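S.K.: Have a look at the structure that comes next, please.
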There are 2 protein chains.
Amino acid sequence: MSNSKLYKGSLNTIILKLLSENGKMYGYEITQKVKDLTKGELNITEGALYPALHKLEAEGLLDVEIAKVDNRLRKYYKLTESGTKETVSKLQELAEYIKTMQNLVNPKLA
Amino acid sequence: MSNSKLYKGSLNTIILKLLSENGKMYGYEITQKVKDLTKGELNITEGALYPALHKLEAEGLLDVEIAKVDNRLRKYYKLTESGTKETVSKLQELAEYIKTMQNLVNPKLA
DNA sequence: AACCATACTTAAGTATCTTATGCATAAGAA
DNA sequence: TTCTTATGCATAAGATACTTAAGTATGGTT
């Protein structure tokens with residue numbers, strides 16, 4: 001996913017947030033979007049992404065819709081209702097994490 | 001370490017930064033300091049901390065000094081020279097990670 | 001006497017990710 | 001026209017970082 005271990009644990013948050021912004025996306029599209037938005041700093045590997053999508057679906061946070069474009073398969077994912085709630089919660093967790101870490105690392109601001 | 005998976009991968013950064021601030025610390029002290037600074041939000045478990053300290057020592061980033069206080073053992077850790085360098089690098093990574101994630105999650109600022 | 005705080009250790013299990021491989025279609029370069 | 005690259009998904013094996021849990025030991029509190 002990246003050379004920095006810090007990204008461990010943030011993949012689900014990224015997926016959920018992107019879906020909440022873009023309505024529906026397919027896996028490959030997500031990898032490209034992330035590469036784009038981060039100017040190449042963050043590259044999500046397929047080996048991480050697809051199992052993550054399957055798990056989120058199994059947990060009922062995502063719905064799938066299969067499409068065929070140019071004779072190629074695409075699996076579009078979108079948030080379910082509970083997926084939308086989870087997105088809010090994950091984003092709060094991220095904000096909280098960032099605040100906590102800045103507090104630890106930059107205690108002069110505390 | 002915490003209910004949020006986001007902390008996965010940031011333990012080493014936390015240890016190194018605390019040592020760079022406080023000169024030398026022992027394991028138990030680190031857990032208490034983190035609990036303090038984060039008002040209880042982040043609790044580092046012993047099962048995570050002690051192996052991490054041993055590994056950082058094995059990598060040459062930390063030096064150990066054993067002390068006996070009140071008939072109890074303490075192992076004080078402090079940064080080596082290369083540990084100090086690594087701390088700088090880890091803190092840069094953290095800043096970079098935060099920037100990237102805010103970009104992904106808050107793209108209006110991009 | 002029982003419990004909690006201090007202090008360190010380590011083993012077993014889990015989760016997340018990397019690395020690698022595989023399948024399949026299409027477009028572009030050599 | 002053959003080879004590479006891009007598109008698109010899937011999954012198994014291994015690495016890593018953590019959780020959970022148990023163990024050892026001292027000392028203060030109820």
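How things are named: the first chain in the structure tokens is A, the next is B, and so on; residues count from 1 in each chain; ligands count from 1 in the order shown.
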Contacts from chain B to chain A, 10 Å maximum, only C-alpha atoms: show me the residue list as a ChimeraX atom specification.

M.R.: /B:3-11,13-14,16-18,21,33-34,37-39,41-42,90-91,93-107,110

S.K.: Could you write out chain B as a compact mmCIF listing (two decimals) with N, CA, C and O atoms, in the first residue's frame once it has been least-squares superposed on chain A using every ordered C-alpha pair?

M.R.:
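What follows is the written file result13.txt:
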```txt
# COMPACT_ATOMS: atom_id res chain seq x y z
N MET B 1 0.86 -1.19 0.09
CA MET B 1 0.01 -0.01 0.07
C MET B 1 0.87 1.24 0.00
O MET B 1 0.57 2.18 -0.67
N SER B 2 1.96 1.22 0.74
CA SER B 2 2.89 2.35 0.73
C SER B 2 4.12 1.96 1.52
O SER B 2 4.12 0.98 2.25
N ASN B 3 5.18 2.73 1.39
CA ASN B 3 6.38 2.43 2.16
C ASN B 3 6.18 2.74 3.64
O ASN B 3 6.85 2.18 4.49
N SER B 4 5.26 3.62 3.95
CA SER B 4 5.03 3.95 5.35
C SER B 4 4.00 3.03 5.97
O SER B 4 2.91 2.84 5.44
N LYS B 5 4.38 2.46 7.11
CA LYS B 5 3.49 1.52 7.80
C LYS B 5 2.27 2.21 8.39
O LYS B 5 1.34 1.55 8.83
N LEU B 6 2.30 3.52 8.41
CA LEU B 6 1.21 4.24 9.04
C LEU B 6 -0.12 4.03 8.32
O LEU B 6 -1.18 4.16 8.91
N TYR B 7 -0.05 3.69 7.04
CA TYR B 7 -1.29 3.52 6.28
C TYR B 7 -2.03 2.24 6.67
O TYR B 7 -3.21 2.08 6.37
N LYS B 8 -1.31 1.36 7.35
CA LYS B 8 -1.94 0.13 7.82
C LYS B 8 -3.14 0.49 8.69
O LYS B 8 -3.01 1.22 9.66
N GLY B 9 -4.29 0.02 8.33
CA GLY B 9 -5.47 0.28 9.13
C GLY B 9 -6.36 1.37 8.56
O GLY B 9 -7.48 1.56 9.02
N SER B 10 -5.87 2.09 7.56
CA SER B 10 -6.68 3.19 7.04
C SER B 10 -7.33 2.88 5.69
O SER B 10 -8.05 3.72 5.15
N LEU B 11 -7.12 1.67 5.19
CA LEU B 11 -7.68 1.34 3.87
C LEU B 11 -9.20 1.40 3.84
O LEU B 11 -9.80 1.99 2.94
N ASN B 12 -9.84 0.82 4.84
CA ASN B 12 -11.30 0.84 4.88
C ASN B 12 -11.85 2.27 4.92
O ASN B 12 -12.83 2.58 4.24
N THR B 13 -11.21 3.09 5.71
CA THR B 13 -11.63 4.49 5.79
C THR B 13 -11.55 5.16 4.42
O THR B 13 -12.46 5.89 4.02
N ILE B 14 -10.46 4.90 3.72
CA ILE B 14 -10.28 5.49 2.39
C ILE B 14 -11.36 5.02 1.42
O ILE B 14 -11.98 5.83 0.72
N ILE B 15 -11.59 3.72 1.40
CA ILE B 15 -12.62 3.17 0.50
C ILE B 15 -13.98 3.79 0.79
O ILE B 15 -14.66 4.27 -0.12
N LEU B 16 -14.36 3.78 2.04
CA LEU B 16 -15.68 4.28 2.40
C LEU B 16 -15.83 5.76 2.04
O LEU B 16 -16.87 6.18 1.49
N LYS B 17 -14.82 6.53 2.33
CA LYS B 17 -14.89 7.96 2.04
C LYS B 17 -15.01 8.23 0.54
O LYS B 17 -15.82 9.05 0.10
N LEU B 18 -14.22 7.50 -0.25
CA LEU B 18 -14.29 7.70 -1.71
C LEU B 18 -15.66 7.34 -2.24
O LEU B 18 -16.20 8.03 -3.12
N LEU B 19 -16.24 6.26 -1.73
CA LEU B 19 -17.56 5.87 -2.19
C LEU B 19 -18.62 6.88 -1.76
O LEU B 19 -19.57 7.14 -2.50
N SER B 20 -18.44 7.46 -0.59
CA SER B 20 -19.42 8.45 -0.14
C SER B 20 -19.36 9.71 -1.00
O SER B 20 -20.35 10.41 -1.16
N GLU B 21 -18.20 9.96 -1.58
CA GLU B 21 -18.06 11.13 -2.45
C GLU B 21 -18.56 10.87 -3.86
O GLU B 21 -19.13 11.74 -4.50
N ASN B 22 -18.26 9.65 -4.34
CA ASN B 22 -18.46 9.39 -5.77
C ASN B 22 -19.65 8.49 -6.09
O ASN B 22 -19.85 8.11 -7.24
N GLY B 23 -20.43 8.16 -5.07
CA GLY B 23 -21.62 7.36 -5.35
C GLY B 23 -21.30 5.90 -5.56
O GLY B 23 -21.56 5.09 -4.70
N LYS B 24 -20.75 5.57 -6.71
CA LYS B 24 -20.33 4.19 -6.92
C LYS B 24 -19.01 4.16 -7.68
O LYS B 24 -18.73 5.01 -8.51
N MET B 25 -18.20 3.18 -7.33
CA MET B 25 -16.90 3.02 -7.97
C MET B 25 -16.57 1.53 -8.08
O MET B 25 -17.08 0.72 -7.33
N TYR B 26 -15.69 1.20 -9.02
CA TYR B 26 -15.20 -0.18 -9.10
C TYR B 26 -13.75 -0.21 -8.66
O TYR B 26 -13.09 0.84 -8.58
N GLY B 27 -13.28 -1.42 -8.33
CA GLY B 27 -11.99 -1.57 -7.68
C GLY B 27 -10.85 -0.86 -8.37
O GLY B 27 -10.14 -0.04 -7.75
N TYR B 28 -10.67 -1.15 -9.61
CA TYR B 28 -9.56 -0.55 -10.34
C TYR B 28 -9.64 0.98 -10.32
O TYR B 28 -8.62 1.67 -10.18
N GLU B 29 -10.86 1.47 -10.41
CA GLU B 29 -11.07 2.92 -10.38
C GLU B 29 -10.59 3.51 -9.05
O GLU B 29 -10.02 4.61 -9.02
N ILE B 30 -10.82 2.77 -7.98
CA ILE B 30 -10.40 3.24 -6.66
C ILE B 30 -8.89 3.37 -6.59
O ILE B 30 -8.35 4.37 -6.11
N THR B 31 -8.20 2.34 -7.09
CA THR B 31 -6.73 2.40 -7.05
C THR B 31 -6.21 3.61 -7.84
O THR B 31 -5.27 4.28 -7.41
N GLN B 32 -6.83 3.88 -8.99
CA GLN B 32 -6.38 5.00 -9.82
C GLN B 32 -6.70 6.34 -9.17
O GLN B 32 -5.90 7.28 -9.20
N LYS B 33 -7.88 6.40 -8.58
CA LYS B 33 -8.31 7.64 -7.92
C LYS B 33 -7.38 8.00 -6.77
O LYS B 33 -7.00 9.17 -6.60
N VAL B 34 -7.01 6.99 -6.00
CA VAL B 34 -6.13 7.23 -4.86
C VAL B 34 -4.74 7.65 -5.34
O VAL B 34 -4.13 8.58 -4.79
N LYS B 35 -4.25 6.99 -6.37
CA LYS B 35 -2.95 7.34 -6.92
C LYS B 35 -2.97 8.80 -7.39
O LYS B 35 -2.04 9.57 -7.16
N ASP B 36 -4.07 9.16 -8.03
CA ASP B 36 -4.28 10.51 -8.53
C ASP B 36 -4.30 11.55 -7.41
O ASP B 36 -3.54 12.51 -7.42
N LEU B 37 -5.19 11.31 -6.46
CA LEU B 37 -5.40 12.29 -5.39
C LEU B 37 -4.15 12.49 -4.54
O LEU B 37 -3.94 13.55 -3.97
N THR B 38 -3.32 11.42 -4.45
CA THR B 38 -2.13 11.53 -3.61
C THR B 38 -0.88 11.76 -4.45
O THR B 38 0.23 11.62 -3.96
N LYS B 39 -1.07 12.08 -5.71
CA LYS B 39 0.06 12.33 -6.62
C LYS B 39 1.07 11.19 -6.60
O LYS B 39 2.29 11.42 -6.59
N GLY B 40 0.54 9.99 -6.52
CA GLY B 40 1.41 8.81 -6.58
C GLY B 40 2.02 8.38 -5.27
O GLY B 40 2.67 7.34 -5.19
N GLU B 41 1.77 9.14 -4.21
CA GLU B 41 2.36 8.73 -2.94
C GLU B 41 1.76 7.45 -2.39
O GLU B 41 2.45 6.62 -1.83
N LEU B 42 0.46 7.31 -2.54
CA LEU B 42 -0.22 6.14 -2.00
C LEU B 42 -0.70 5.24 -3.14
O LEU B 42 -1.54 5.66 -3.94
N ASN B 43 -0.18 4.04 -3.20
CA ASN B 43 -0.63 3.07 -4.19
C ASN B 43 -1.25 1.88 -3.51
O ASN B 43 -0.58 1.10 -2.85
N ILE B 44 -2.55 1.75 -3.66
CA ILE B 44 -3.25 0.62 -3.06
C ILE B 44 -3.04 -0.61 -3.93
O ILE B 44 -3.30 -0.57 -5.13
N THR B 45 -2.55 -1.65 -3.32
CA THR B 45 -2.32 -2.88 -4.08
C THR B 45 -3.61 -3.67 -4.22
O THR B 45 -4.50 -3.60 -3.37
N GLU B 46 -3.69 -4.41 -5.32
CA GLU B 46 -4.90 -5.20 -5.57
C GLU B 46 -5.09 -6.26 -4.49
O GLU B 46 -6.22 -6.53 -4.09
N GLY B 47 -3.99 -6.82 -4.05
CA GLY B 47 -4.04 -7.86 -3.01
C GLY B 47 -4.62 -7.34 -1.71
O GLY B 47 -5.09 -8.13 -0.88
N ALA B 48 -4.57 -6.05 -1.50
CA ALA B 48 -5.16 -5.46 -0.31
C ALA B 48 -6.59 -5.01 -0.60
O ALA B 48 -7.50 -5.23 0.19
N LEU B 49 -6.77 -4.40 -1.75
CA LEU B 49 -8.06 -3.78 -2.06
C LEU B 49 -9.20 -4.79 -2.21
O LEU B 49 -10.25 -4.65 -1.56
N TYR B 50 -9.01 -5.77 -3.08
CA TYR B 50 -10.14 -6.66 -3.39
C TYR B 50 -10.63 -7.44 -2.18
O TYR B 50 -11.85 -7.49 -1.94
N PRO B 51 -9.75 -8.03 -1.40
CA PRO B 51 -10.25 -8.68 -0.18
C PRO B 51 -10.96 -7.70 0.75
O PRO B 51 -11.95 -8.06 1.39
N ALA B 52 -10.48 -6.46 0.80
CA ALA B 52 -11.12 -5.46 1.66
C ALA B 52 -12.54 -5.16 1.17
O ALA B 52 -13.48 -5.08 1.97
N LEU B 53 -12.69 -5.04 -0.14
CA LEU B 53 -14.03 -4.79 -0.71
C LEU B 53 -14.97 -5.95 -0.40
O LEU B 53 -16.12 -5.75 -0.02
N HIS B 54 -14.44 -7.17 -0.56
CA HIS B 54 -15.28 -8.34 -0.29
C HIS B 54 -15.73 -8.38 1.16
O HIS B 54 -16.85 -8.76 1.47
N LYS B 55 -14.82 -7.99 2.03
CA LYS B 55 -15.14 -8.02 3.44
C LYS B 55 -16.18 -6.95 3.80
O LYS B 55 -17.13 -7.21 4.55
N LEU B 56 -16.01 -5.77 3.26
CA LEU B 56 -16.97 -4.70 3.52
C LEU B 56 -18.35 -5.09 3.00
O LEU B 56 -19.37 -4.77 3.60
N GLU B 57 -18.35 -5.79 1.87
CA GLU B 57 -19.62 -6.26 1.32
C GLU B 57 -20.24 -7.31 2.24
O GLU B 57 -21.43 -7.25 2.56
N ALA B 58 -19.42 -8.24 2.68
CA ALA B 58 -19.90 -9.31 3.57
C ALA B 58 -20.46 -8.73 4.87
O ALA B 58 -21.36 -9.30 5.47
N GLU B 59 -19.91 -7.60 5.28
CA GLU B 59 -20.36 -6.97 6.52
C GLU B 59 -21.61 -6.11 6.30
O GLU B 59 -22.12 -5.50 7.24
N GLY B 60 -22.02 -6.03 5.05
CA GLY B 60 -23.24 -5.28 4.76
C GLY B 60 -23.04 -3.79 4.62
O GLY B 60 -24.00 -3.02 4.63
N LEU B 61 -21.80 -3.36 4.46
CA LEU B 61 -21.54 -1.94 4.33
C LEU B 61 -21.56 -1.49 2.88
O LEU B 61 -21.73 -0.31 2.58
N LEU B 62 -21.36 -2.45 1.97
CA LEU B 62 -21.37 -2.14 0.55
C LEU B 62 -22.34 -3.04 -0.21
O LEU B 62 -22.56 -4.18 0.16
N ASP B 63 -22.88 -2.49 -1.30
CA ASP B 63 -23.66 -3.27 -2.26
C ASP B 63 -22.88 -3.36 -3.56
O ASP B 63 -22.15 -2.43 -3.92
N VAL B 64 -23.05 -4.48 -4.26
CA VAL B 64 -22.34 -4.67 -5.53
C VAL B 64 -23.32 -4.68 -6.68
O VAL B 64 -24.46 -5.12 -6.55
N GLU B 65 -22.81 -4.23 -7.82
CA GLU B 65 -23.58 -4.27 -9.05
C GLU B 65 -22.59 -4.56 -10.17
O GLU B 65 -21.62 -3.83 -10.37
N ILE B 66 -22.83 -5.65 -10.86
CA ILE B 66 -21.88 -6.07 -11.88
C ILE B 66 -22.25 -5.47 -13.23
O ILE B 66 -23.42 -5.47 -13.62
N ALA B 67 -21.25 -4.96 -13.93
CA ALA B 67 -21.47 -4.36 -15.24
C ALA B 67 -20.45 -4.90 -16.23
O ALA B 67 -19.38 -5.37 -15.84
N LYS B 68 -20.80 -4.83 -17.50
CA LYS B 68 -19.85 -5.24 -18.54
C LYS B 68 -19.61 -4.05 -19.46
O LYS B 68 -20.52 -3.59 -20.14
N VAL B 69 -18.40 -3.57 -19.47
CA VAL B 69 -18.04 -2.40 -20.27
C VAL B 69 -16.89 -2.79 -21.21
O VAL B 69 -15.86 -3.27 -20.75
N ASP B 70 -17.11 -2.58 -22.50
CA ASP B 70 -16.07 -2.97 -23.48
C ASP B 70 -15.69 -4.44 -23.32
O ASP B 70 -14.51 -4.78 -23.40
N ASN B 71 -16.70 -5.24 -23.07
CA ASN B 71 -16.46 -6.68 -22.90
C ASN B 71 -15.58 -7.02 -21.70
O ASN B 71 -15.04 -8.11 -21.61
N ARG B 72 -15.43 -6.05 -20.82
CA ARG B 72 -14.65 -6.31 -19.60
C ARG B 72 -15.54 -6.19 -18.37
O ARG B 72 -16.45 -5.37 -18.33
N LEU B 73 -15.25 -7.01 -17.39
CA LEU B 73 -16.05 -7.04 -16.17
C LEU B 73 -15.73 -5.86 -15.26
O LEU B 73 -14.56 -5.47 -15.11
N ARG B 74 -16.77 -5.31 -14.68
CA ARG B 74 -16.58 -4.32 -13.62
C ARG B 74 -17.55 -4.61 -12.50
O ARG B 74 -18.71 -4.93 -12.75
N LYS B 75 -17.04 -4.46 -11.27
CA LYS B 75 -17.93 -4.62 -10.13
C LYS B 75 -18.03 -3.29 -9.40
O LYS B 75 -17.10 -2.86 -8.72
N TYR B 76 -19.18 -2.68 -9.57
CA TYR B 76 -19.40 -1.37 -8.94
C TYR B 76 -19.86 -1.56 -7.50
O TYR B 76 -20.78 -2.32 -7.22
N TYR B 77 -19.23 -0.83 -6.62
CA TYR B 77 -19.61 -0.86 -5.21
C TYR B 77 -20.21 0.47 -4.81
O TYR B 77 -19.75 1.52 -5.25
N LYS B 78 -21.22 0.39 -3.95
CA LYS B 78 -21.76 1.63 -3.36
C LYS B 78 -22.12 1.38 -1.90
O LYS B 78 -22.31 0.24 -1.48
N LEU B 79 -22.22 2.45 -1.16
CA LEU B 79 -22.51 2.35 0.27
C LEU B 79 -23.95 1.91 0.51
O LEU B 79 -24.87 2.37 -0.16
N THR B 80 -24.14 1.03 1.46
CA THR B 80 -25.47 0.76 1.97
C THR B 80 -25.78 1.83 3.03
O THR B 80 -24.95 2.69 3.31
N GLU B 81 -26.95 1.70 3.61
CA GLU B 81 -27.31 2.65 4.66
C GLU B 81 -26.35 2.54 5.84
O GLU B 81 -25.83 3.54 6.33
N SER B 82 -26.09 1.31 6.25
CA SER B 82 -25.20 1.14 7.40
C SER B 82 -23.76 1.48 7.00
O SER B 82 -22.95 1.86 7.83
N GLY B 83 -23.45 1.35 5.71
CA GLY B 83 -22.14 1.76 5.22
C GLY B 83 -21.95 3.27 5.34
O GLY B 83 -20.86 3.75 5.65
N THR B 84 -23.02 3.99 5.11
CA THR B 84 -22.96 5.45 5.23
C THR B 84 -22.72 5.85 6.68
O THR B 84 -21.91 6.74 6.97
N LYS B 85 -23.40 5.15 7.59
CA LYS B 85 -23.19 5.43 9.02
C LYS B 85 -21.75 5.12 9.42
O LYS B 85 -21.10 5.88 10.14
N GLU B 86 -21.27 3.96 8.94
CA GLU B 86 -19.92 3.55 9.28
C GLU B 86 -18.89 4.55 8.74
O GLU B 86 -17.85 4.78 9.37
N THR B 87 -19.17 5.13 7.61
CA THR B 87 -18.25 6.12 7.03
C THR B 87 -18.09 7.31 7.97
O THR B 87 -16.97 7.75 8.24
N VAL B 88 -19.20 7.80 8.47
CA VAL B 88 -19.16 8.91 9.41
C VAL B 88 -18.30 8.56 10.61
O VAL B 88 -17.42 9.32 11.02
N SER B 89 -18.55 7.36 11.13
CA SER B 89 -17.82 6.93 12.32
C SER B 89 -16.32 6.78 12.05
O SER B 89 -15.47 7.16 12.86
N LYS B 90 -15.98 6.23 10.87
CA LYS B 90 -14.57 6.04 10.51
C LYS B 90 -13.87 7.39 10.34
O LYS B 90 -12.70 7.55 10.69
N LEU B 91 -14.59 8.34 9.79
CA LEU B 91 -13.98 9.66 9.59
C LEU B 91 -13.77 10.38 10.92
O LEU B 91 -12.78 11.10 11.10
N GLN B 92 -14.68 10.14 11.84
CA GLN B 92 -14.49 10.69 13.19
C GLN B 92 -13.28 10.07 13.86
O GLN B 92 -12.48 10.75 14.50
N GLU B 93 -13.16 8.75 13.69
CA GLU B 93 -11.99 8.05 14.25
C GLU B 93 -10.70 8.61 13.69
O GLU B 93 -9.71 8.78 14.40
N LEU B 94 -10.71 8.86 12.39
CA LEU B 94 -9.51 9.39 11.75
C LEU B 94 -9.16 10.77 12.30
O LEU B 94 -7.99 11.04 12.63
N ALA B 95 -10.16 11.61 12.44
CA ALA B 95 -9.93 12.95 12.98
C ALA B 95 -9.38 12.85 14.40
O ALA B 95 -8.45 13.57 14.78
N GLU B 96 -9.95 11.92 15.16
CA GLU B 96 -9.52 11.71 16.54
C GLU B 96 -8.08 11.21 16.59
O GLU B 96 -7.27 11.67 17.40
N TYR B 97 -7.78 10.27 15.71
CA TYR B 97 -6.43 9.73 15.63
C TYR B 97 -5.41 10.83 15.33
O TYR B 97 -4.38 10.94 15.98
N ILE B 98 -5.74 11.65 14.34
CA ILE B 98 -4.83 12.73 13.95
C ILE B 98 -4.63 13.70 15.11
O ILE B 98 -3.51 14.11 15.41
N LYS B 99 -5.70 14.02 15.79
CA LYS B 99 -5.60 14.93 16.94
C LYS B 99 -4.70 14.34 18.02
O LYS B 99 -3.81 15.01 18.55
N THR B 100 -4.94 13.07 18.32
CA THR B 100 -4.16 12.41 19.35
C THR B 100 -2.68 12.36 19.00
O THR B 100 -1.82 12.65 19.82
N MET B 101 -2.39 12.02 17.77
CA MET B 101 -1.00 11.90 17.36
C MET B 101 -0.31 13.26 17.35
O MET B 101 0.86 13.37 17.72
N GLN B 102 -1.02 14.28 16.93
CA GLN B 102 -0.42 15.61 16.94
C GLN B 102 -0.15 16.06 18.37
O GLN B 102 0.84 16.75 18.63
N ASN B 103 -1.00 15.62 19.26
CA ASN B 103 -0.82 15.92 20.67
C ASN B 103 0.42 15.24 21.23
O ASN B 103 1.16 15.80 22.03
N LEU B 104 0.64 14.01 20.80
CA LEU B 104 1.77 13.24 21.28
C LEU B 104 3.08 13.78 20.72
O LEU B 104 4.10 13.83 21.39
N VAL B 105 3.01 14.18 19.47
CA VAL B 105 4.20 14.48 18.71
C VAL B 105 4.52 15.97 18.76
O VAL B 105 5.64 16.39 18.55
N ASN B 106 3.51 16.74 19.09
CA ASN B 106 3.64 18.19 19.09
C ASN B 106 3.06 18.76 20.38
O ASN B 106 2.16 19.58 20.34
N PRO B 107 3.57 18.31 21.51
CA PRO B 107 2.91 18.57 22.80
C PRO B 107 2.88 20.05 23.17
O PRO B 107 2.16 20.44 24.06
N LYS B 108 3.64 20.87 22.48
CA LYS B 108 3.64 22.29 22.82
C LYS B 108 2.26 22.92 22.58
O LYS B 108 1.93 23.95 23.13
N LEU B 109 1.47 22.26 21.71
CA LEU B 109 0.14 22.78 21.41
C LEU B 109 -0.91 22.30 22.42
O LEU B 109 -2.05 22.71 22.35
N ALA B 110 -0.49 21.47 23.32
CA ALA B 110 -1.45 20.86 24.25
C ALA B 110 -1.97 21.86 25.28
O ALA B 110 -1.30 22.83 25.59
```

S.K.: Using DSSP secondary structure from the backbone, list all helix (DSSP H, G or I) positions within region 6-84 of chain A, as an NGL selection string.

M.R.: :A and (6-7 or 11-22 or 27-37 or 46-58 or 81-84)

S.K.: Go ahead and save the residues from that selection, with N, CA and C atoms, as a short mmCIF file (atom, residue, chain, number, x, y, z; two decimals), in the first residue's frame.

M.R.:
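Ended up saving to selection09.cif:
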```
data_model
loop_
_atom_site.label_atom_id
_atom_site.label_comp_id
_atom_site.auth_asym_id
_atom_site.auth_seq_id
_atom_site.Cartn_x
_atom_site.Cartn_y
_atom_site.Cartn_z
N LEU A 6 2.32 3.47 8.49
CA LEU A 6 1.22 4.22 9.10
C LEU A 6 -0.10 3.99 8.39
N TYR A 7 -0.03 3.62 7.11
CA TYR A 7 -1.26 3.45 6.34
C TYR A 7 -2.02 2.19 6.75
N LEU A 11 -7.09 1.64 5.16
CA LEU A 11 -7.65 1.32 3.84
C LEU A 11 -9.17 1.39 3.83
N ASN A 12 -9.82 0.81 4.83
CA ASN A 12 -11.28 0.83 4.87
C ASN A 12 -11.83 2.25 4.91
N THR A 13 -11.19 3.08 5.69
CA THR A 13 -11.60 4.48 5.78
C THR A 13 -11.52 5.15 4.41
N ILE A 14 -10.44 4.88 3.70
CA ILE A 14 -10.24 5.47 2.37
C ILE A 14 -11.33 5.01 1.40
N ILE A 15 -11.57 3.70 1.39
CA ILE A 15 -12.59 3.15 0.49
C ILE A 15 -13.95 3.77 0.78
N LEU A 16 -14.34 3.77 2.03
CA LEU A 16 -15.66 4.27 2.40
C LEU A 16 -15.82 5.74 2.03
N LYS A 17 -14.78 6.52 2.32
CA LYS A 17 -14.85 7.94 2.02
C LYS A 17 -14.98 8.21 0.52
N LEU A 18 -14.20 7.49 -0.27
CA LEU A 18 -14.26 7.68 -1.72
C LEU A 18 -15.64 7.33 -2.26
N LEU A 19 -16.21 6.25 -1.73
CA LEU A 19 -17.54 5.85 -2.19
C LEU A 19 -18.59 6.87 -1.77
N SER A 20 -18.40 7.46 -0.62
CA SER A 20 -19.39 8.45 -0.16
C SER A 20 -19.33 9.71 -1.01
N GLU A 21 -18.17 9.95 -1.60
CA GLU A 21 -18.03 11.12 -2.47
C GLU A 21 -18.52 10.86 -3.88
N ASN A 22 -18.22 9.65 -4.36
CA ASN A 22 -18.43 9.38 -5.78
C ASN A 22 -19.62 8.49 -6.10
N GLY A 27 -13.29 -1.41 -8.33
CA GLY A 27 -11.99 -1.55 -7.69
C GLY A 27 -10.85 -0.84 -8.38
N TYR A 28 -10.69 -1.14 -9.64
CA TYR A 28 -9.58 -0.54 -10.37
C TYR A 28 -9.65 0.98 -10.34
N GLU A 29 -10.88 1.47 -10.42
CA GLU A 29 -11.09 2.92 -10.40
C GLU A 29 -10.60 3.51 -9.07
N ILE A 30 -10.82 2.78 -8.00
CA ILE A 30 -10.39 3.24 -6.68
C ILE A 30 -8.87 3.37 -6.61
N THR A 31 -8.19 2.35 -7.12
CA THR A 31 -6.72 2.41 -7.10
C THR A 31 -6.21 3.61 -7.87
N GLN A 32 -6.82 3.89 -9.01
CA GLN A 32 -6.38 5.01 -9.84
C GLN A 32 -6.69 6.35 -9.19
N LYS A 33 -7.86 6.41 -8.59
CA LYS A 33 -8.30 7.65 -7.93
C LYS A 33 -7.36 8.01 -6.78
N VAL A 34 -6.98 6.99 -6.01
CA VAL A 34 -6.10 7.22 -4.87
C VAL A 34 -4.72 7.65 -5.35
N LYS A 35 -4.24 6.97 -6.38
CA LYS A 35 -2.94 7.34 -6.94
C LYS A 35 -2.95 8.80 -7.40
N ASP A 36 -4.05 9.15 -8.03
CA ASP A 36 -4.26 10.51 -8.53
C ASP A 36 -4.27 11.54 -7.41
N LEU A 37 -5.15 11.31 -6.45
CA LEU A 37 -5.35 12.28 -5.37
C LEU A 37 -4.10 12.47 -4.52
N GLU A 46 -3.70 -4.43 -5.37
CA GLU A 46 -4.91 -5.23 -5.61
C GLU A 46 -5.09 -6.29 -4.53
N GLY A 47 -3.97 -6.84 -4.08
CA GLY A 47 -4.02 -7.86 -3.04
C GLY A 47 -4.59 -7.36 -1.73
N ALA A 48 -4.53 -6.06 -1.53
CA ALA A 48 -5.13 -5.46 -0.33
C ALA A 48 -6.56 -5.02 -0.62
N LEU A 49 -6.75 -4.43 -1.78
CA LEU A 49 -8.04 -3.81 -2.09
C LEU A 49 -9.18 -4.82 -2.23
N TYR A 50 -8.99 -5.82 -3.09
CA TYR A 50 -10.13 -6.70 -3.39
C TYR A 50 -10.62 -7.47 -2.17
N PRO A 51 -9.73 -8.05 -1.39
CA PRO A 51 -10.22 -8.69 -0.16
C PRO A 51 -10.93 -7.70 0.77
N ALA A 52 -10.46 -6.47 0.81
CA ALA A 52 -11.10 -5.46 1.67
C ALA A 52 -12.51 -5.16 1.19
N LEU A 53 -12.66 -5.04 -0.13
CA LEU A 53 -13.99 -4.79 -0.69
C LEU A 53 -14.94 -5.96 -0.39
N HIS A 54 -14.41 -7.18 -0.54
CA HIS A 54 -15.25 -8.36 -0.27
C HIS A 54 -15.70 -8.39 1.18
N LYS A 55 -14.78 -7.99 2.06
CA LYS A 55 -15.11 -8.02 3.48
C LYS A 55 -16.16 -6.96 3.83
N LEU A 56 -15.97 -5.78 3.29
CA LEU A 56 -16.94 -4.71 3.54
C LEU A 56 -18.31 -5.09 3.02
N GLU A 57 -18.32 -5.80 1.90
CA GLU A 57 -19.59 -6.26 1.36
C GLU A 57 -20.21 -7.32 2.28
N ALA A 58 -19.39 -8.25 2.72
CA ALA A 58 -19.88 -9.31 3.61
C ALA A 58 -20.42 -8.73 4.91
N GLU A 81 -26.92 1.69 3.64
CA GLU A 81 -27.28 2.65 4.68
C GLU A 81 -26.31 2.53 5.85
N SER A 82 -26.06 1.31 6.27
CA SER A 82 -25.16 1.13 7.41
C SER A 82 -23.73 1.45 7.01
N GLY A 83 -23.43 1.33 5.72
CA GLY A 83 -22.11 1.73 5.24
C GLY A 83 -21.92 3.24 5.35
N THR A 84 -22.99 3.97 5.12
CA THR A 84 -22.94 5.43 5.23
C THR A 84 -22.68 5.84 6.68
#
```

S.K.: Taking only C-alpha atoms (C1' of nucleotides) into account, report as a VMD selection string which residues of chain C lie within 7 Å of chain A.

M.R.: chain C and resid 16 to 17 25

S.K.: Go through chain A and collect every residue that DSSP, computed from the backbone, puts in strand (DSSP E); the answer should be as JSON, numbers by chain.

M.R.: {"A": [24, 25, 26, 62, 63, 64, 65, 66, 67, 68, 69, 72, 73, 74, 75, 76, 77, 78, 79]}

S.K.: Quote the spacing between C1' of DA1 (chain C) and C1' of DA21 (chain D) in Å to one decimal place.

M.R.: 25.2 Å
